[in-house]
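*Asks:* Just so it is clear, I am handing over run.pdb, which has PDB, C-alpha atoms.
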ATOM      1  CA  MET A  24     -34.085  21.979   5.812
ATOM      2  CA  PRO A  25     -30.440  22.779   5.039
ATOM      3  CA  ALA A  26     -28.880  20.346   2.589
ATOM      4  CA  SER A  27     -25.631  20.186   4.524
ATOM      5  CA  ALA A  28     -26.898  19.124   7.924
ATOM      6  CA  GLY A  29     -23.759  17.999   9.628
ATOM      7  CA  ARG A  30     -21.358  20.685  10.769
ATOM      8  CA  VAL A  31     -22.433  24.162  11.789
ATOM      9  CA  THR A  32     -20.131  27.133  12.276
ATOM     10  CA  HIS A  33     -21.430  30.256  13.976
ATOM     11  CA  ARG A  34     -20.207  33.468  15.600
ATOM     12  CA  GLU A  35     -22.236  34.772  18.490
ATOM     13  CA  GLY A  36     -24.944  37.100  17.221
ATOM     14  CA  GLU A  37     -24.211  36.467  13.541
ATOM     15  CA  ALA A  38     -25.260  33.803  11.066
ATOM     16  CA  LEU A  39     -22.546  31.827   9.333
ATOM     17  CA  PRO A  40     -22.772  29.158   6.647
ATOM     18  CA  CYS A  41     -23.711  25.581   7.440
ATOM     19  CA  VAL A  42     -20.852  23.440   6.180
ATOM     20  CA  SER A  43     -21.195  19.676   5.982
ATOM     21  CA  SER A  44     -18.082  17.675   6.788
ATOM     22  CA  ASP A  45     -17.342  14.081   7.707
ATOM     23  CA  GLU A  46     -13.647  14.965   8.133
ATOM     24  CA  THR A  47     -12.613  12.859   5.171
ATOM     25  CA  GLU A  48      -9.523  14.002   3.294
ATOM     26  CA  LEU A  49     -11.086  13.439  -0.102
ATOM     27  CA  PRO A  50     -14.647  12.995  -1.294
ATOM     28  CA  ARG A  51     -15.740   9.357  -1.088
ATOM     29  CA  ARG A  52     -18.677   7.442  -2.484
ATOM     30  CA  ASP A  53     -21.528   7.019  -0.040
ATOM     31  CA  PRO A  54     -22.496   3.367   0.677
ATOM     32  CA  LYS A  55     -26.088   4.501   0.127
ATOM     33  CA  GLY A  56     -25.081   6.286  -3.060
ATOM     34  CA  ALA A  57     -27.831   4.802  -5.180
ATOM     35  CA  GLY A  58     -30.568   5.929  -2.783
ATOM     36  CA  ARG A  59     -29.008   9.350  -2.371
ATOM     37  CA  SER A  60     -28.832   9.769  -6.163
ATOM     38  CA  LEU A  61     -32.551   9.038  -6.452
ATOM     39  CA  LEU A  62     -33.326  11.582  -3.738
ATOM     40  CA  GLU A  63     -31.144  14.234  -5.372
ATOM     41  CA  GLN A  64     -32.875  13.676  -8.711
ATOM     42  CA  ALA A  65     -36.256  13.944  -7.057
ATOM     43  CA  PHE A  66     -35.322  17.167  -5.282
ATOM     44  CA  ALA A  67     -34.024  18.640  -8.528
ATOM     45  CA  ARG A  68     -37.235  17.631 -10.327
ATOM     46  CA  GLU A  69     -39.372  19.294  -7.679
ATOM     47  CA  LYS A  70     -37.133  22.403  -7.813
ATOM     48  CA  ILE A  71     -36.977  22.908  -4.038
ATOM     49  CA  ASP A  72     -33.293  23.893  -4.138
ATOM     50  CA  PRO A  73     -34.106  27.662  -4.061
ATOM     51  CA  SER A  74     -35.739  27.192  -0.646
ATOM     52  CA  PHE A  75     -32.457  26.029   0.878
ATOM     53  CA  SER A  76     -30.183  28.424   2.757
ATOM     54  CA  GLU A  77     -27.887  30.471   0.513
ATOM     55  CA  HIS A  78     -25.056  29.311   2.797
ATOM     56  CA  SER A  79     -25.748  25.608   2.154
ATOM     57  CA  HIS A  80     -23.211  23.883  -0.109
ATOM     58  CA  GLY A  81     -23.664  20.135   0.422
ATOM     59  CA  PHE A  82     -25.074  17.993  -2.416
ATOM     60  CA  ARG A  83     -26.527  20.900  -4.386
ATOM     61  CA  PRO A  84     -26.351  21.477  -8.146
ATOM     62  CA  GLY A  85     -23.522  23.791  -9.137
ATOM     63  CA  ARG A  86     -21.984  23.890  -5.658
ATOM     64  CA  ARG A  87     -18.852  22.167  -4.419
ATOM     65  CA  ALA A  88     -16.807  21.711  -1.273
ATOM     66  CA  HIS A  89     -14.402  24.345  -2.632
ATOM     67  CA  ASP A  90     -17.208  26.915  -2.527
ATOM     68  CA  ALA A  91     -17.751  26.206   1.175
ATOM     69  CA  VAL A  92     -14.013  26.534   1.925
ATOM     70  CA  LEU A  93     -13.808  29.878   0.104
ATOM     71  CA  SER A  94     -16.896  31.127   1.928
ATOM     72  CA  ALA A  95     -15.383  30.190   5.281
ATOM     73  CA  GLN A  96     -12.178  32.022   4.369
ATOM     74  CA  ARG A  97     -14.110  35.182   3.486
ATOM     75  CA  TYR A  98     -15.976  35.167   6.819
ATOM     76  CA  VAL A  99     -12.762  34.710   8.779
ATOM     77  CA  GLN A 100     -11.060  37.488   6.817
ATOM     78  CA  GLN A 101     -13.930  39.749   7.899
ATOM     79  CA  GLY A 102     -12.918  39.153  11.533
ATOM     80  CA  ARG A 103     -15.131  36.248  12.543
ATOM     81  CA  HIS A 104     -12.530  34.189  14.364
ATOM     82  CA  ILE A 105     -14.662  32.211  16.844
ATOM     83  CA  VAL A 106     -16.737  29.252  15.697
ATOM     84  CA  VAL A 107     -19.343  27.022  17.274
ATOM     85  CA  ASP A 108     -18.392  23.813  15.525
ATOM     86  CA  VAL A 109     -21.170  21.224  15.970
ATOM     87  CA  ASP A 110     -21.041  17.762  14.467
ATOM     88  CA  LEU A 111     -24.386  15.922  14.485
ATOM     89  CA  SER A 112     -23.574  12.238  14.648
ATOM     90  CA  LYS A 113     -25.349  10.238  11.926
ATOM     91  CA  PHE A 114     -27.772  13.111  11.305
ATOM     92  CA  PHE A 115     -30.032  11.403   8.768
ATOM     93  CA  ASP A 116     -30.131   8.236  10.844
ATOM     94  CA  ARG A 117     -31.112  10.034  14.042
ATOM     95  CA  VAL A 118     -33.233  13.010  12.975
ATOM     96  CA  ASN A 119     -36.964  12.836  13.753
ATOM     97  CA  HIS A 120     -38.134  11.690  10.357
ATOM     98  CA  ASP A 121     -41.834  12.237  11.068
ATOM     99  CA  ILE A 122     -41.192  15.970  11.351
ATOM    100  CA  LEU A 123     -38.708  15.968   8.484
ATOM    101  CA  ILE A 124     -40.993  14.167   6.057
ATOM    102  CA  ASP A 125     -44.000  16.252   7.085
ATOM    103  CA  ARG A 126     -42.097  19.427   6.218
ATOM    104  CA  LEU A 127     -40.885  17.985   2.940
ATOM    105  CA  ARG A 128     -44.394  16.918   2.002
ATOM    106  CA  LYS A 129     -45.470  20.582   2.115
ATOM    107  CA  ARG A 130     -42.927  21.387  -0.589
ATOM    108  CA  VAL A 131     -42.580  18.179  -2.588
ATOM    109  CA  ASN A 132     -45.613  16.826  -4.411
ATOM    110  CA  ASP A 133     -44.275  13.322  -4.869
ATOM    111  CA  PRO A 134     -45.824  10.470  -2.809
ATOM    112  CA  GLY A 135     -43.260   8.062  -4.213
ATOM    113  CA  LEU A 136     -40.408  10.130  -2.831
ATOM    114  CA  MET A 137     -42.057  10.234   0.583
ATOM    115  CA  ARG A 138     -42.361   6.432   0.577
ATOM    116  CA  LEU A 139     -38.699   6.148  -0.402
ATOM    117  CA  LEU A 140     -37.690   8.365   2.492
ATOM    118  CA  ARG A 141     -39.778   6.273   4.874
ATOM    119  CA  ARG A 142     -37.990   3.126   3.780
ATOM    120  CA  CYS A 143     -34.545   4.710   4.036
ATOM    121  CA  TYR A 144     -34.744   6.073   7.581
ATOM    122  CA  ASP A 145     -36.030   5.077  11.020
ATOM    123  CA  THR A 146     -37.215   7.656  13.564
ATOM    124  CA  LEU A 147     -34.392   8.305  16.044
ATOM    125  CA  HIS A 148     -33.074  11.251  18.069
ATOM    126  CA  LEU A 149     -30.254  13.642  17.233
ATOM    127  CA  LYS A 150     -26.966  13.207  19.037
ATOM    128  CA  ILE A 151     -24.032  15.625  19.119
ATOM    129  CA  ASN A 152     -20.632  14.087  18.496
ATOM    130  CA  GLU A 153     -18.787  15.799  21.349
ATOM    131  CA  SER A 154     -15.328  14.683  20.221
ATOM    132  CA  LYS A 155     -15.756  16.642  16.962
ATOM    133  CA  SER A 156     -17.593  19.654  18.398
ATOM    134  CA  ALA A 157     -16.208  22.755  20.095
ATOM    135  CA  VAL A 158     -16.507  26.495  20.660
ATOM    136  CA  THR A 159     -13.040  27.727  19.768
ATOM    137  CA  SER A 160     -10.834  29.774  17.492
ATOM    138  CA  VAL A 161     -11.296  29.126  13.792
ATOM    139  CA  PHE A 162      -7.542  28.726  13.458
ATOM    140  CA  GLY A 163      -6.715  25.084  14.063
ATOM    141  CA  ARG A 164     -10.182  23.759  13.120
ATOM    142  CA  LYS A 165     -10.724  21.658  10.003
ATOM    143  CA  PHE A 166     -13.043  22.668   7.174
ATOM    144  CA  LEU A 167     -13.634  19.846   4.682
ATOM    145  CA  GLY A 168      -9.995  18.800   4.931
ATOM    146  CA  TYR A 169      -8.679  22.371   4.857
ATOM    147  CA  ALA A 170      -7.429  24.632   7.651
ATOM    148  CA  LEU A 171      -7.120  28.410   7.793
ATOM    149  CA  TRP A 172      -4.093  30.358   8.976
ATOM    150  CA  GLN A 173      -3.205  34.027   9.279
ATOM    151  CA  GLY A 174      -0.103  35.549   7.755
ATOM    152  CA  PRO A 175       2.002  38.373   9.259
ATOM    153  CA  ASN A 176       0.004  40.977   7.344
ATOM    154  CA  GLY A 177      -3.294  39.662   8.713
ATOM    155  CA  GLU A 178      -4.334  37.958   5.483
ATOM    156  CA  VAL A 179      -6.255  34.724   6.054
ATOM    157  CA  ARG A 180      -4.943  31.917   3.862
ATOM    158  CA  ARG A 181      -5.892  28.320   3.100
ATOM    159  CA  ALA A 182      -3.875  25.183   3.897
ATOM    160  CA  VAL A 183      -4.328  21.442   4.043
ATOM    161  CA  SER A 184      -5.254  20.406   7.573
ATOM    162  CA  ALA A 185      -2.716  18.516   9.672
ATOM    163  CA  LYS A 186      -4.967  15.469   9.716
ATOM    164  CA  ALA A 187      -5.288  15.454   5.929
ATOM    165  CA  LEU A 188      -1.512  15.800   5.523
ATOM    166  CA  GLN A 189      -0.962  12.917   7.925
ATOM    167  CA  ALA A 190      -3.335  10.719   5.917
ATOM    168  CA  PHE A 191      -1.623  11.792   2.689
ATOM    169  CA  LYS A 192       1.834  10.821   3.955
ATOM    170  CA  LEU A 193       0.563   7.474   5.205
ATOM    171  CA  ARG A 194      -0.884   6.699   1.791
ATOM    172  CA  ILE A 195       2.325   7.764   0.024
ATOM    173  CA  ARG A 196       4.334   5.471   2.298
ATOM    174  CA  GLN A 197       2.029   2.604   1.390
ATOM    175  CA  LEU A 198       2.311   3.287  -2.330
ATOM    176  CA  THR A 199       6.116   3.686  -2.281
ATOM    177  CA  ARG A 200       7.078   0.983   0.189
ATOM    178  CA  ARG A 201      10.334  -0.741  -0.698
ATOM    179  CA  SER A 202       8.850  -4.239  -0.631
ATOM    180  CA  GLY A 203       6.183  -5.923  -2.706
ATOM    181  CA  GLY A 204       7.994  -6.875  -5.905
ATOM    182  CA  ARG A 205       6.466  -4.097  -8.021
ATOM    183  CA  SER A 206       8.175  -2.367 -10.897
ATOM    184  CA  MET A 207       8.762   1.378 -10.868
ATOM    185  CA  GLU A 208       6.189   1.731 -13.658
ATOM    186  CA  GLN A 209       3.524  -0.036 -11.584
ATOM    187  CA  VAL A 210       4.241   2.129  -8.559
ATOM    188  CA  VAL A 211       4.156   5.330 -10.597
ATOM    189  CA  GLU A 212       0.833   4.367 -12.190
ATOM    190  CA  LYS A 213      -0.917   4.073  -8.806
ATOM    191  CA  LEU A 214       0.951   7.027  -7.371
ATOM    192  CA  ARG A 215      -0.058   9.190 -10.315
ATOM    193  CA  ARG A 216      -3.766   8.472  -9.870
ATOM    194  CA  TYR A 217      -3.642   9.270  -6.177
ATOM    195  CA  LEU A 218      -1.574  12.438  -6.530
ATOM    196  CA  LEU A 219      -3.741  13.874  -9.300
ATOM    197  CA  GLY A 220      -6.923  13.321  -7.285
ATOM    198  CA  TRP A 221      -5.409  14.708  -4.091
ATOM    199  CA  LYS A 222      -3.945  17.725  -5.867
ATOM    200  CA  GLY A 223      -7.270  18.395  -7.583
ATOM    201  CA  TYR A 224      -9.138  18.513  -4.285
ATOM    202  CA  PHE A 225      -6.543  20.525  -2.354
ATOM    203  CA  LYS A 226      -5.655  22.916  -5.179
ATOM    204  CA  LEU A 227      -7.001  25.827  -3.112
ATOM    205  CA  SER A 228      -4.148  25.462  -0.634
ATOM    206  CA  GLN A 229      -1.883  28.518  -0.406
ATOM    207  CA  THR A 230       1.246  26.810   0.931
ATOM    208  CA  PRO A 231       3.743  26.477  -1.963
ATOM    209  CA  ARG A 232       6.680  25.678   0.329
ATOM    210  CA  ILE A 233       4.853  22.679   1.771
ATOM    211  CA  TRP A 234       4.063  21.492  -1.756
ATOM    212  CA  ARG A 235       7.735  21.708  -2.767
ATOM    213  CA  SER A 236       8.770  19.869   0.396
ATOM    214  CA  LEU A 237       6.286  17.068  -0.294
ATOM    215  CA  ASP A 238       7.495  16.794  -3.894
ATOM    216  CA  GLY A 239      11.086  16.354  -2.703
ATOM    217  CA  TRP A 240      10.062  13.790  -0.094
ATOM    218  CA  ILE A 241       8.116  11.724  -2.629
ATOM    219  CA  ARG A 242      11.031  11.699  -5.072
ATOM    220  CA  ARG A 243      13.402  10.656  -2.295
ATOM    221  CA  ARG A 244      11.161   7.702  -1.440
ATOM    222  CA  LEU A 245      11.090   6.699  -5.109
ATOM    223  CA  ARG A 246      14.899   6.905  -5.328
ATOM    224  CA  ALA A 247      15.239   4.671  -2.244
ATOM    225  CA  MET A 248      12.745   2.210  -3.712
ATOM    226  CA  GLN A 249      14.627   2.108  -7.018
ATOM    227  CA  LEU A 250      17.947   1.464  -5.273
ATOM    228  CA  LYS A 251      16.476  -1.456  -3.347
ATOM    229  CA  GLN A 252      15.098  -2.914  -6.569
ATOM    230  CA  TRP A 253      18.575  -2.768  -8.134
ATOM    231  CA  ARG A 254      19.832  -4.228  -4.852
ATOM    232  CA  ARG A 255      23.407  -5.360  -5.602
ATOM    233  CA  GLY A 256      26.305  -2.945  -5.913
ATOM    234  CA  LYS A 257      27.201  -4.141  -9.400
ATOM    235  CA  THR A 258      23.630  -3.674 -10.606
ATOM    236  CA  ILE A 259      23.409  -0.200  -9.068
ATOM    237  CA  TYR A 260      26.687   0.820 -10.723
ATOM    238  CA  ARG A 261      25.609  -0.539 -14.116
ATOM    239  CA  GLU A 262      22.171   1.084 -14.036
ATOM    240  CA  LEU A 263      23.486   4.460 -12.903
ATOM    241  CA  MET A 264      26.111   4.448 -15.638
ATOM    242  CA  ARG A 265      23.411   3.551 -18.170
ATOM    243  CA  LEU A 266      21.476   6.630 -17.021
ATOM    244  CA  GLY A 267      24.510   8.835 -17.600
ATOM    245  CA  ALA A 268      25.950   9.065 -14.086
ATOM    246  CA  ASN A 269      29.461  10.232 -13.397
ATOM    247  CA  PRO A 270      31.593   7.113 -12.695
ATOM    248  CA  TRP A 271      32.588   8.488  -9.284
ATOM    249  CA  VAL A 272      28.934   9.016  -8.334
ATOM    250  CA  ALA A 273      27.957   5.534  -9.541
ATOM    251  CA  GLN A 274      30.836   3.960  -7.623
ATOM    252  CA  SER A 275      30.157   5.839  -4.361
ATOM    253  CA  VAL A 276      26.484   4.898  -4.383
ATOM    254  CA  ALA A 277      27.204   1.272  -5.301
ATOM    255  CA  ALA A 278      29.732   0.992  -2.468
ATOM    256  CA  LEU A 279      26.900   1.583   0.028
ATOM    257  CA  SER A 280      24.400  -0.575  -1.821
ATOM    258  CA  ARG A 281      22.364  -1.504   1.278
ATOM    259  CA  ARG A 282      21.922   2.040   2.569
ATOM    260  CA  TRP A 283      18.964   2.896   0.331
ATOM    261  CA  TRP A 284      17.518   5.790   2.335
ATOM    262  CA  HIS A 285      20.942   7.345   2.909
ATOM    263  CA  ASN A 286      21.829   7.069  -0.774
ATOM    264  CA  SER A 287      18.488   8.522  -1.822
ATOM    265  CA  LEU A 288      19.725  11.914  -0.569
ATOM    266  CA  SER A 289      23.261  11.606  -1.941
ATOM    267  CA  ALA A 290      24.582  12.560  -5.363
ATOM    268  CA  ILE A 291      22.103  10.141  -6.922
ATOM    269  CA  HIS A 292      19.655  13.025  -7.171
ATOM    270  CA  ASN A 293      21.879  14.292 -10.002
ATOM    271  CA  VAL A 294      20.992  11.112 -11.910
ATOM    272  CA  LEU A 295      17.442  10.326 -10.791
ATOM    273  CA  THR A 296      16.517  13.964 -11.260
ATOM    274  CA  VAL A 297      13.228  15.854 -11.206
ATOM    275  CA  ALA A 298      13.190  15.603 -15.000
ATOM    276  CA  TYR A 299      13.700  11.823 -14.732
ATOM    277  CA  PHE A 300      10.571  11.450 -12.615
ATOM    278  CA  ASP A 301       8.704  13.856 -14.880
ATOM    279  CA  ARG A 302       9.425  11.489 -17.769
ATOM    280  CA  LEU A 303       8.133   8.569 -15.699
ATOM    281  CA  GLY A 304       4.871  10.468 -15.237
ATOM    282  CA  VAL A 305       5.103  11.377 -11.540
ATOM    283  CA  PRO A 306       2.949  14.507 -11.064
ATOM    284  CA  ARG A 307       4.328  17.478  -9.179
ATOM    285  CA  LEU A 308       2.274  19.058  -6.427
ATOM    286  CA  SER A 309       4.072  22.388  -6.712
TER     287      SER A 309
END
Rewrite the coordinates I just gave you, this time as structure tokens.

*Replies:*
Amino acid sequence: MPASAGRVTHREGEALPCVSSDETELPRRDPKGAGRSLLEQAFAREKIDPSFSEHSHGFRPGRRAHDAVLSAQRYVQQGRHIVVDVDLSKFFDRVNHDILIDRLRKRVNDPGLMRLLRRCYDTLHLKINESKSAVTSVFGRKFLGYALWQGPNGEVRRAVSAKALQAFKLRIRQLTRRSGGRSMEQVVEKLRRYLLGWKGYFKLSQTPRIWRSLDGWIRRRLRAMQLKQWRRGKTIYRELMRLGANPWVAQSVAALSRRWWHNSLSAIHNVLTVAYFDRLGVPRLS
């Protein structure tokens, strides 16, 4: 029984790793986390992990999603560019649990664990999620939030998938919206937690230009938010002068006090600089 029974990638005639994916952008807690934790502890106690496929990465000691992404990259670099991408909808809800538990019983000498499994699952049938399954090129498919692309020299590289980037930008817009009556410090505190977690998960990405572009976009949103908080021209002028702005810069920005997004790309970036946001504690992606 592979631990990561969810998404299967395969090239005709060759075995590829089983990679579990629910297409989330970041790891999330399972609503049945307590039950899953008990099962994982029981499996570890019975030491059945060695009987799992060497290509299985999901919910196994010492293995992470990053390992699965790196494995996929290695296979593609070897020339395996076609995948059979199969998503089994609600696998552990639909799998035939009589067969599953019977096979586990042969390896796990723990009646209590078998009873726990019985309580957790009903006997249903497997169903393929057709909207998430395909036989297609590996390029353009998602692997645990990542995507693979091929450079001019043929080297296969890692990137954040388009869907994950879209979700990231949506969350950044929510955190840096120009309404809500929050101070810059409050915004930065929440933004910092999200950025550090996101960066930690997608640190394998090999797209430095995209990282730099996202950094600039985030800072621009923060500049626009700060300008709206200062609101009035007189306040904007006073605050920019307090931060060491050139009087001409402070005056030109204050004269267009209601054009927050426009001003966020003007000379104000010489005042609300990268170093300024570093001091506030805004993490850089690049």

*Asks:* So the first atom is CA of Leu167 in chain A and the second is CA of Trp234 in chain A; what is the distance between them in Å, to one decimal place?

*Replies:*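 Interatomic distance, CA of Leu167 in chain A to CA of Trp234 in chain A: 18.9 Å.
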
*Asks:* Find the residues with any atom within 12 Å of (23.4, 2.2, -14.0); use all atoms listed in the file and the coordinates as given in the file, and write the answer as a PyMOL selection string.

*Replies:* chain A and resi 249-250+253-270+272-274+276-277+291+294-295

*Asks:* Which centre and edge lengths in Å to one decimal define the box along x, y and z that fits every listed atom of range 215-233 of chain A plus 4 Å per side, as lines of an AutoDock Vina configuration file?

*Replies:*
center_x = -1.2
center_y = 18.5
center_z = -4.3
size_x = 23.8
size_y = 28.0
size_z = 20.1

*Asks:* Tell me which of A:Arg242, A:Lys213, A:Arg194, A:Arg87 sits closest to Ser287 in chain A, counting all atoms listed in the file.

*Replies:* A:Arg242

*Asks:* Rounded to one decimal place, report the CA of Val183 in chain A-CA of Arg216 in chain A distance in Å.

*Replies:*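 Calculated distance between CA of Val183 in chain A and CA of Arg216 in chain A is 19.0 Å.
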
*Asks:* At what distance in Å, to one decimal, does CA of Ile124 in chain A lie from CA of Asp90 in chain A?

*Replies:*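 Result for CA of Asp90 in chain A versus CA of Ile124 in chain A: 28.3 Å, one decimal.
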
*Asks:* Could you spell out the hits of the PyMOL selection byres ((chain A and resi 230) around 9) on the shown file, as a compact mmCIF listing (two decimals) with C-alpha atoms, in the frame of the given file?

*Replies:*
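Result saved to out_22.txt:
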# COMPACT_ATOMS: atom_id res chain seq x y z
CA ARG A 180 -4.94 31.92 3.86
CA ARG A 181 -5.89 28.32 3.10
CA ALA A 182 -3.88 25.18 3.90
CA VAL A 183 -4.33 21.44 4.04
CA SER A 228 -4.15 25.46 -0.63
CA GLN A 229 -1.88 28.52 -0.41
CA PRO A 231 3.74 26.48 -1.96
CA ARG A 232 6.68 25.68 0.33
CA ILE A 233 4.85 22.68 1.77
CA TRP A 234 4.06 21.49 -1.76

*Asks:* Which polymer residues, protein or nucleic acid, are no farther than 12 Å from (-10.5, 32.8, 18.6), counting all atoms listed in the file, as a ChimeraX atom specification?

*Replies:* /A:34-35,99,102-107,157-164,172-173

*Asks:* Hey, which of A:Gly174, A:Gly203, A:Gly239, A:Pro306 ends up closest to Gln100 in chain A? Count all atoms listed in the file.

*Replies:*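 That would be A:Gly174, the residue with the smallest distance to Gln100 in chain A.
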
*Asks:* Just say which residues the PyMOL selection byres ((chain A and resi 187) around 12) picks in this file, as a ChimeraX atom specification.

*Replies:* /A:46-49,165-170,182-186,188-194,221,224-225
